[in-house]
There are 2 protein chains.
Amino acid sequence: MLIGELAKKTGCDVETIRYYERERLLSAPQRSASGYRHYNAEQLGELNFILHCRSLGMSLADIRNLAAFKADHEHDCEDINLLIDQQIAKVHQQAEALRLLEQQLLALRDKCHDSHAAADCGILQTLVEAAEGEPCVCHTPFGQDNHGHSHDHDHAAKKNGRTQKGRP
Amino acid sequence: MLIGELAKKTGCDVETIRYYERERLLSAPQRSASGYRHYNAEQLGELNFILHCRSLGMSLADIRNLAAFKADHEHDCEDINLLIDQQIAKVHQQAEALRLLEQQLLALRDKCHDSHAAADCGILQTLVEAAEGEPCVCHTPFGQDNHGHSHDHDHAAKKNGRTQKGRP
DNA sequence: CTTGACCCTGTAGCGACTACAGGGTGTGCA
DNA sequence: TGCACACCCTGTAGTCGCTACAGGGTCAAG
(Lines give C-alpha, C1' and ligand atoms only; values in the text may rest on other atoms or scores of the structure.)
Protein backbone atom coordinates (compact mmCIF):
# COMPACT_ATOMS: atom_id res chain seq x y z
CA MET A 1 0.00 0.00 0.00
CA LEU A 2 1.43 3.37 -1.01
CA ILE A 3 1.22 6.43 1.20
CA GLY A 4 -1.76 7.87 -0.67
CA GLU A 5 -3.82 4.76 -0.06
CA LEU A 6 -2.87 4.70 3.61
CA ALA A 7 -3.90 8.34 3.81
CA LYS A 8 -7.30 7.56 2.30
CA LYS A 9 -7.85 4.56 4.55
CA THR A 10 -7.05 6.46 7.72
CA GLY A 11 -8.29 9.91 6.82
CA CYS A 12 -4.86 11.26 7.66
CA ASP A 13 -3.04 13.69 5.40
CA VAL A 14 -0.10 12.30 3.41
CA GLU A 15 2.20 14.98 4.74
CA THR A 16 1.15 14.21 8.29
CA ILE A 17 2.03 10.54 7.79
CA ARG A 18 5.49 11.53 6.61
CA TYR A 19 5.72 13.87 9.57
CA TYR A 20 4.88 11.07 12.01
CA GLU A 21 7.57 8.93 10.44
CA ARG A 22 10.09 11.75 10.78
CA GLU A 23 9.08 12.08 14.41
CA ARG A 24 9.57 8.33 14.93
CA LEU A 25 5.98 7.71 15.91
CA LEU A 26 5.39 5.56 12.86
CA SER A 27 7.98 2.89 12.03
CA ALA A 28 9.78 3.42 8.73
CA PRO A 29 8.04 1.47 5.97
CA GLN A 30 9.70 -0.63 3.30
CA ARG A 31 10.79 1.21 0.19
CA SER A 32 10.54 0.27 -3.44
CA ALA A 33 13.57 0.63 -5.70
CA SER A 34 12.42 4.11 -6.62
CA GLY A 35 12.07 5.12 -2.98
CA TYR A 36 8.29 4.88 -2.66
CA ARG A 37 7.00 3.93 0.78
CA HIS A 38 5.10 0.64 1.01
CA TYR A 39 2.92 0.05 4.05
CA ASN A 40 1.42 -3.14 5.47
CA ALA A 41 -1.50 -3.89 7.77
CA GLU A 42 0.62 -3.54 10.89
CA GLN A 43 1.55 0.03 10.05
CA LEU A 44 -2.05 0.80 9.24
CA GLY A 45 -2.81 -0.30 12.81
CA GLU A 46 0.03 1.83 14.17
CA LEU A 47 -1.26 4.91 12.40
CA ASN A 48 -4.83 4.30 13.53
CA PHE A 49 -3.59 3.98 17.09
CA ILE A 50 -1.78 7.29 16.81
CA LEU A 51 -4.78 9.02 15.27
CA HIS A 52 -7.12 7.67 17.90
CA CYS A 53 -4.84 8.88 20.69
CA ARG A 54 -4.57 12.26 18.98
CA SER A 55 -8.35 12.46 18.85
CA LEU A 56 -8.25 12.00 22.63
CA GLY A 57 -6.09 15.10 22.80
CA MET A 58 -2.82 13.39 23.64
CA SER A 59 0.46 14.98 22.64
CA LEU A 60 2.80 13.17 20.29
CA ALA A 61 5.22 12.73 23.21
CA ASP A 62 2.49 11.00 25.23
CA ILE A 63 1.65 8.78 22.30
CA ARG A 64 5.29 7.87 21.88
CA ASN A 65 5.38 6.83 25.54
CA LEU A 66 2.15 4.90 25.23
CA ALA A 67 3.46 3.07 22.19
CA ALA A 68 6.61 2.16 24.11
CA PHE A 69 4.49 0.76 26.96
CA LYS A 70 2.44 -1.12 24.41
CA ALA A 71 5.58 -2.71 22.97
CA ASP A 72 6.93 -3.65 26.40
CA HIS A 73 4.35 -6.21 27.51
CA GLU A 74 6.02 -6.86 30.87
CA HIS A 75 5.88 -3.18 31.78
CA ASP A 76 3.64 -2.35 34.71
CA CYS A 77 0.59 -0.49 33.50
CA GLU A 78 0.66 1.97 36.36
CA ASP A 79 2.50 4.37 34.09
CA ILE A 80 -0.30 4.10 31.56
CA ASN A 81 -2.89 4.89 34.20
CA LEU A 82 -0.83 7.86 35.31
CA LEU A 83 -0.60 9.15 31.76
CA ILE A 84 -4.35 8.91 31.30
CA ASP A 85 -4.97 10.54 34.66
CA GLN A 86 -2.74 13.44 33.72
CA GLN A 87 -4.54 13.73 30.41
CA ILE A 88 -7.89 13.80 32.19
CA ALA A 89 -6.65 16.48 34.56
CA LYS A 90 -5.34 18.55 31.69
CA VAL A 91 -8.54 18.29 29.70
CA HIS A 92 -10.69 18.98 32.74
CA GLN A 93 -8.72 22.10 33.56
CA GLN A 94 -8.95 23.37 30.00
CA ALA A 95 -12.65 22.65 29.79
CA GLU A 96 -13.28 24.49 33.03
CA ALA A 97 -11.24 27.49 31.87
CA LEU A 98 -13.21 27.61 28.64
CA ARG A 99 -16.49 27.44 30.49
CA LEU A 100 -15.54 30.49 32.56
CA LEU A 101 -14.29 32.22 29.46
CA GLU A 102 -17.56 31.65 27.68
CA GLN A 103 -19.44 33.19 30.57
CA GLN A 104 -17.23 36.25 30.47
CA LEU A 105 -17.71 36.59 26.74
CA LEU A 106 -21.47 36.21 27.02
CA ALA A 107 -21.54 38.88 29.70
CA LEU A 108 -19.48 41.09 27.44
CA ARG A 109 -21.76 40.45 24.48
CA ASP A 110 -24.69 41.50 26.61
CA LYS A 111 -23.29 45.04 26.78
CA CYS A 112 -24.20 45.82 23.21
CA HIS A 113 -27.16 44.68 21.18
CA ASP A 114 -27.91 47.38 18.69
CA SER A 115 -25.72 48.61 15.96
CA HIS A 116 -24.24 52.05 16.56
CA ALA A 117 -20.96 53.90 16.41
CA ALA A 118 -17.94 52.24 17.96
CA ALA A 119 -17.46 55.19 20.28
CA ASP A 120 -20.67 54.26 22.11
CA CYS A 121 -20.23 50.49 21.94
CA GLY A 122 -20.74 48.93 25.34
CA ILE A 123 -18.46 46.05 24.51
CA LEU A 124 -15.55 48.26 23.65
CA GLN A 125 -16.13 50.43 26.70
CA THR A 126 -16.29 47.38 28.92
CA LEU A 127 -13.08 46.00 27.47
CA VAL A 128 -11.23 49.24 28.00
CA GLU A 129 -12.57 49.67 31.52
CA ALA A 130 -11.83 46.07 32.42
CA ALA A 131 -8.28 46.52 31.23
CA GLU A 132 -7.84 49.61 33.37
CA GLY A 133 -9.76 48.42 36.36
CA GLU A 134 -9.82 45.38 38.56
CA PRO A 135 -7.40 42.57 38.03
CA CYS A 136 -9.13 39.85 36.08
CA VAL A 137 -8.41 36.64 37.93
CA CYS A 138 -9.03 34.33 35.05
CA HIS A 139 -7.65 30.87 34.78
CA THR A 140 -5.39 30.98 31.75
CA PRO A 141 -7.60 29.30 29.16
CA PHE A 142 -5.30 28.66 26.21
CA GLY A 143 -3.22 31.79 26.13
CA GLN A 144 -0.19 31.79 28.37
CA ASP A 145 0.16 28.07 28.93
CA ASN A 146 1.34 27.57 25.43
CA HIS A 147 0.36 24.13 24.20
CA GLY A 148 1.03 22.36 27.46
CA HIS A 149 4.74 22.60 27.91
CA SER A 150 5.66 21.04 31.19
CA HIS A 151 9.28 21.82 31.93
CA ASP A 152 8.84 25.56 32.34
CA HIS A 153 5.51 25.42 34.11
CA ASP A 154 6.61 26.70 37.52
CA HIS A 155 8.85 29.18 35.77
CA ALA A 156 5.93 30.62 33.82
CA ALA A 157 3.81 30.68 36.96
CA LYS A 158 6.37 32.89 38.63
CA LYS A 159 6.62 35.35 35.79
CA ASN A 160 3.13 35.51 34.45
CA GLY A 161 1.50 37.32 37.27
CA ARG A 162 -1.64 38.31 35.39
CA THR A 163 -3.49 35.10 34.84
CA GLN A 164 -2.10 33.35 37.86
CA LYS A 165 -2.68 35.89 40.55
CA GLY A 166 -4.11 38.98 38.91
CA ARG A 167 -2.13 42.16 38.74
CA PRO A 168 0.19 43.06 41.68
CA MET B 1 8.80 54.25 32.36
CA LEU B 2 11.26 51.66 31.04
CA ILE B 3 10.19 48.34 29.68
CA GLY B 4 10.99 46.47 32.90
CA GLU B 5 8.71 48.70 34.91
CA LEU B 6 5.90 48.32 32.38
CA ALA B 7 6.39 44.56 32.57
CA LYS B 8 6.09 44.62 36.36
CA LYS B 9 3.02 46.86 36.27
CA THR B 10 1.18 44.69 33.78
CA GLY B 11 2.50 41.26 34.71
CA CYS B 12 3.57 40.81 31.11
CA ASP B 13 6.98 39.48 30.18
CA VAL B 14 9.48 42.00 28.81
CA GLU B 15 10.08 39.88 25.74
CA THR B 16 6.36 39.63 25.14
CA ILE B 17 6.05 43.41 25.20
CA ARG B 18 8.78 43.70 22.59
CA TYR B 19 7.01 40.98 20.62
CA TYR B 20 3.73 42.91 20.67
CA GLU B 21 5.56 45.97 19.42
CA ARG B 22 7.16 43.96 16.60
CA GLU B 23 3.68 42.67 15.73
CA ARG B 24 2.35 46.23 15.68
CA LEU B 25 -0.16 45.63 18.44
CA LEU B 26 1.56 48.07 20.71
CA SER B 27 2.56 51.45 19.31
CA ALA B 28 6.28 52.10 19.19
CA PRO B 29 7.38 53.99 22.32
CA GLN B 30 9.73 56.93 22.48
CA ARG B 31 13.40 56.12 22.68
CA SER B 32 16.15 57.63 24.76
CA ALA B 33 19.45 58.57 23.13
CA SER B 34 20.80 55.15 24.00
CA GLY B 35 17.82 53.42 22.40
CA TYR B 36 15.95 52.53 25.59
CA ARG B 37 12.17 52.36 25.23
CA HIS B 38 10.20 54.87 27.34
CA TYR B 39 6.52 54.23 27.92
CA ASN B 40 3.74 56.52 29.07
CA ALA B 41 0.34 55.97 30.65
CA GLU B 42 -1.36 55.66 27.27
CA GLN B 43 0.79 52.73 26.29
CA LEU B 44 0.24 51.14 29.67
CA GLY B 45 -3.46 51.27 28.83
CA GLU B 46 -2.85 49.83 25.39
CA LEU B 47 -0.94 46.90 26.82
CA ASN B 48 -3.55 46.26 29.48
CA PHE B 49 -6.20 46.24 26.79
CA ILE B 50 -4.23 43.68 24.81
CA LEU B 51 -3.64 41.50 27.84
CA HIS B 52 -7.27 41.64 28.84
CA CYS B 53 -8.36 40.59 25.37
CA ARG B 54 -5.78 37.81 25.37
CA SER B 55 -7.18 36.60 28.68
CA LEU B 56 -10.52 36.34 26.89
CA GLY B 57 -8.86 33.98 24.43
CA MET B 58 -8.72 36.36 21.49
CA SER B 59 -6.05 35.96 18.86
CA LEU B 60 -3.59 38.76 18.21
CA ALA B 61 -5.24 39.28 14.83
CA ASP B 62 -8.62 39.77 16.52
CA ILE B 63 -7.09 42.19 18.99
CA ARG B 64 -5.49 44.14 16.17
CA ASN B 65 -8.90 44.45 14.55
CA LEU B 66 -10.55 45.43 17.78
CA ALA B 67 -7.91 48.09 18.40
CA ALA B 68 -8.54 49.46 14.92
CA PHE B 69 -12.27 49.66 15.64
CA LYS B 70 -11.49 51.34 18.93
CA ALA B 71 -9.41 53.98 17.15
CA ASP B 72 -12.10 54.59 14.51
CA HIS B 73 -14.87 56.09 16.62
CA GLU B 74 -17.24 56.52 13.70
CA HIS B 75 -17.00 52.87 12.78
CA ASP B 76 -20.20 50.92 13.19
CA CYS B 77 -19.88 48.56 16.10
CA GLU B 78 -21.59 45.73 14.29
CA ASP B 79 -18.16 44.39 13.40
CA ILE B 80 -17.22 44.35 17.05
CA ASN B 81 -20.33 42.39 17.90
CA LEU B 82 -19.57 39.97 15.12
CA LEU B 83 -16.05 39.48 16.39
CA ILE B 84 -17.27 38.76 19.90
CA ASP B 85 -19.95 36.43 18.58
CA GLN B 86 -17.38 34.50 16.62
CA GLN B 87 -15.18 34.32 19.68
CA ILE B 88 -18.10 33.00 21.73
CA ALA B 89 -18.85 30.39 19.09
CA LYS B 90 -15.23 29.33 18.98
CA VAL B 91 -14.94 29.05 22.74
CA HIS B 92 -18.26 27.25 23.03
CA GLN B 93 -17.26 24.73 20.42
CA GLN B 94 -13.91 24.09 22.07
CA ALA B 95 -15.50 23.75 25.49
CA GLU B 96 -18.04 21.27 24.19
CA ALA B 97 -15.33 19.24 22.45
CA LEU B 98 -13.33 19.12 25.66
CA ARG B 99 -16.36 18.02 27.65
CA LEU B 100 -16.89 15.08 25.31
CA LEU B 101 -13.20 14.33 25.39
CA GLU B 102 -13.18 14.23 29.16
CA GLN B 103 -16.04 11.74 29.14
CA GLN B 104 -14.18 9.53 26.72
CA LEU B 105 -11.05 9.68 28.82
CA LEU B 106 -12.96 8.88 32.01
CA ALA B 107 -14.56 5.89 30.33
CA LEU B 108 -11.14 4.81 29.20
CA ARG B 109 -9.68 5.23 32.68
CA ASP B 110 -12.45 3.02 34.01
CA LYS B 111 -11.05 0.07 32.05
CA CYS B 112 -8.11 -0.36 34.39
CA HIS B 113 -7.86 0.21 38.11
CA ASP B 114 -5.28 -2.20 39.44
CA SER B 115 -1.64 -2.26 38.62
CA HIS B 116 -0.62 -5.16 36.39
CA ALA B 117 1.39 -5.94 33.28
CA ALA B 118 0.83 -3.73 30.27
CA ALA B 119 -0.16 -6.75 28.19
CA ASP B 120 -3.33 -7.09 30.29
CA CYS B 121 -4.07 -3.39 30.68
CA GLY B 122 -7.65 -2.62 29.80
CA ILE B 123 -6.79 0.91 28.76
CA LEU B 124 -4.21 -0.16 26.25
CA GLN B 125 -6.50 -2.87 24.90
CA THR B 126 -9.32 -0.42 24.56
CA LEU B 127 -7.12 2.07 22.75
CA VAL B 128 -5.91 -0.54 20.28
CA GLU B 129 -9.39 -1.89 19.68
CA ALA B 130 -10.88 1.55 19.30
CA ALA B 131 -8.21 2.37 16.74
CA GLU B 132 -9.02 -0.74 14.74
CA GLY B 133 -12.73 -0.68 15.22
CA GLU B 134 -15.52 1.82 14.83
CA PRO B 135 -14.88 5.26 13.48
CA CYS B 136 -14.60 7.67 16.37
CA VAL B 137 -16.80 10.62 15.47
CA CYS B 138 -15.17 13.05 17.78
CA HIS B 139 -15.29 16.78 17.39
CA THR B 140 -11.67 17.79 16.92
CA PRO B 141 -10.88 19.21 20.36
CA PHE B 142 -7.53 20.91 19.89
CA GLY B 143 -5.80 18.61 17.50
CA GLN B 144 -6.43 19.11 13.82
CA ASP B 145 -7.86 22.61 13.88
CA ASN B 146 -4.50 24.15 14.46
CA HIS B 147 -4.85 27.44 16.25
CA GLY B 148 -7.85 28.57 14.28
CA HIS B 149 -6.60 29.14 10.81
CA SER B 150 -9.43 30.33 8.69
CA HIS B 151 -8.29 30.55 5.10
CA ASP B 152 -7.85 26.82 4.61
CA HIS B 153 -10.80 25.75 6.67
CA ASP B 154 -12.95 24.18 3.97
CA HIS B 155 -9.81 22.71 2.50
CA ALA B 156 -8.93 21.00 5.77
CA ALA B 157 -12.51 19.83 6.20
CA LYS B 158 -12.30 18.04 2.88
CA LYS B 159 -9.04 16.32 3.66
CA ASN B 160 -9.36 15.52 7.30
CA GLY B 161 -11.99 12.84 7.08
CA ARG B 162 -11.37 11.40 10.50
CA THR B 163 -12.59 13.97 12.87
CA GLN B 164 -15.11 15.49 10.54
CA LYS B 165 -16.93 12.45 9.28
CA GLY B 166 -15.21 9.43 10.79
CA ARG B 167 -13.38 6.96 8.66
CA PRO B 168 -14.78 6.15 5.21
C1' DC C 1 36.82 51.37 37.90
C1' DT C 2 34.32 47.55 38.49
C1' DT C 3 30.08 45.17 39.52
C1' DG C 4 25.60 44.02 38.42
C1' DA C 5 21.12 45.10 37.02
C1' DC C 6 19.05 46.49 33.41
C1' DC C 7 18.53 47.48 28.24
C1' DC C 8 19.20 46.45 23.00
C1' DT C 9 18.90 43.46 18.44
C1' DG C 10 18.57 39.27 16.15
C1' DT C 11 17.75 34.58 15.71
C1' DA C 12 16.10 30.02 16.84
C1' DG C 13 13.04 27.06 19.30
C1' DC C 14 8.42 24.96 20.91
C1' DG C 15 4.10 21.63 19.00
C1' DA C 16 1.69 19.62 15.40
C1' DC C 17 1.22 20.16 11.54
C1' DT C 18 0.67 22.53 6.50
C1' DA C 19 2.30 24.25 2.12
C1' DC C 20 5.10 24.59 -1.38
C1' DA C 21 9.27 24.25 -4.60
C1' DG C 22 11.58 21.41 -7.46
C1' DG C 23 12.19 17.26 -8.84
C1' DG C 24 11.37 11.84 -9.96
C1' DT C 25 8.12 7.70 -11.15
C1' DG C 26 4.50 5.04 -13.18
C1' DT C 27 0.50 4.26 -15.93
C1' DG C 28 -2.63 4.99 -19.72
C1' DC C 29 -3.60 6.56 -24.18
C1' DA C 30 -2.77 8.33 -29.03
C1' DT D 1 7.28 6.62 -28.89
C1' DG D 2 5.76 10.61 -26.87
C1' DC D 3 3.20 12.87 -23.64
C1' DA D 4 -0.12 13.98 -20.13
C1' DC D 5 -1.19 13.42 -15.55
C1' DA D 6 -1.53 11.45 -11.10
C1' DC D 7 1.16 10.19 -7.79
C1' DC D 8 5.64 9.94 -5.13
C1' DC D 9 10.14 11.98 -3.12
C1' DT D 10 13.11 15.45 -0.17
C1' DG D 11 13.80 19.69 1.94
C1' DT D 12 12.57 23.95 3.66
C1' DA D 13 9.71 27.51 5.44
C1' DG D 14 5.43 29.05 7.37
C1' DT D 15 1.62 29.01 11.11
C1' DC D 16 0.62 31.09 16.42
C1' DG D 17 2.04 33.25 20.58
C1' DC D 18 5.31 33.48 22.72
C1' DT D 19 10.16 32.04 25.10
C1' DA D 20 15.08 31.67 25.37
C1' DC D 21 19.12 32.58 24.31
C1' DA D 22 23.74 34.96 22.33
C1' DG D 23 26.29 38.79 22.15
C1' DG D 24 26.52 43.11 23.00
C1' DG D 25 25.55 48.19 25.14
C1' DT D 26 24.06 51.51 29.24
C1' DC D 27 23.77 53.29 33.72
C1' DA D 28 23.88 54.00 38.67
C1' DA D 29 25.98 52.61 43.01
C1' DG D 30 29.93 51.35 45.75
# chains A, B, ... in the order shown; residues from 1 in each chain; ligands from 1
call {"tool": "select_by_dssp", "arguments": {"residues": "region 6-119 of chain B", "states": "helix (DSSP H, G or I)", "output": "PyMOL selection string"}}
result
chain B and resi 6-10+14-22+41-55+60-71+78-109+118-119
call {"tool": "interface_residues", "arguments": {"of": "chain C", "to": "chain B", "cutoff": "9 Å", "atoms": "only C-alpha atoms (C1' of nucleotides)", "output": "VMD selection string"}}
result
chain C and resid 6 to 8 16 to 17
call {"tool": "closest_residue", "arguments": {"among": "D:DT15, D:DC7, D:DG30, D:DC21", "to": "chain B", "atoms": "only C-alpha atoms (C1' of nucleotides)"}}
result
D:DT15
call {"tool": "closest_residue", "arguments": {"among": "C:DG15, C:DG10, C:DG23, C:DG28", "to": "Ser59 (chain A)", "atoms": "only C-alpha atoms (C1' of nucleotides)"}}
result
C:DG15
call {"tool": "residues_around", "arguments": {"residues": "DT12 (chain D)", "least_positions_apart": "4", "cutoff": "12 Å", "atoms": "only C-alpha atoms (C1' of nucleotides)", "output": "PyMOL selection string"}}
result
chain C and resi 19-22
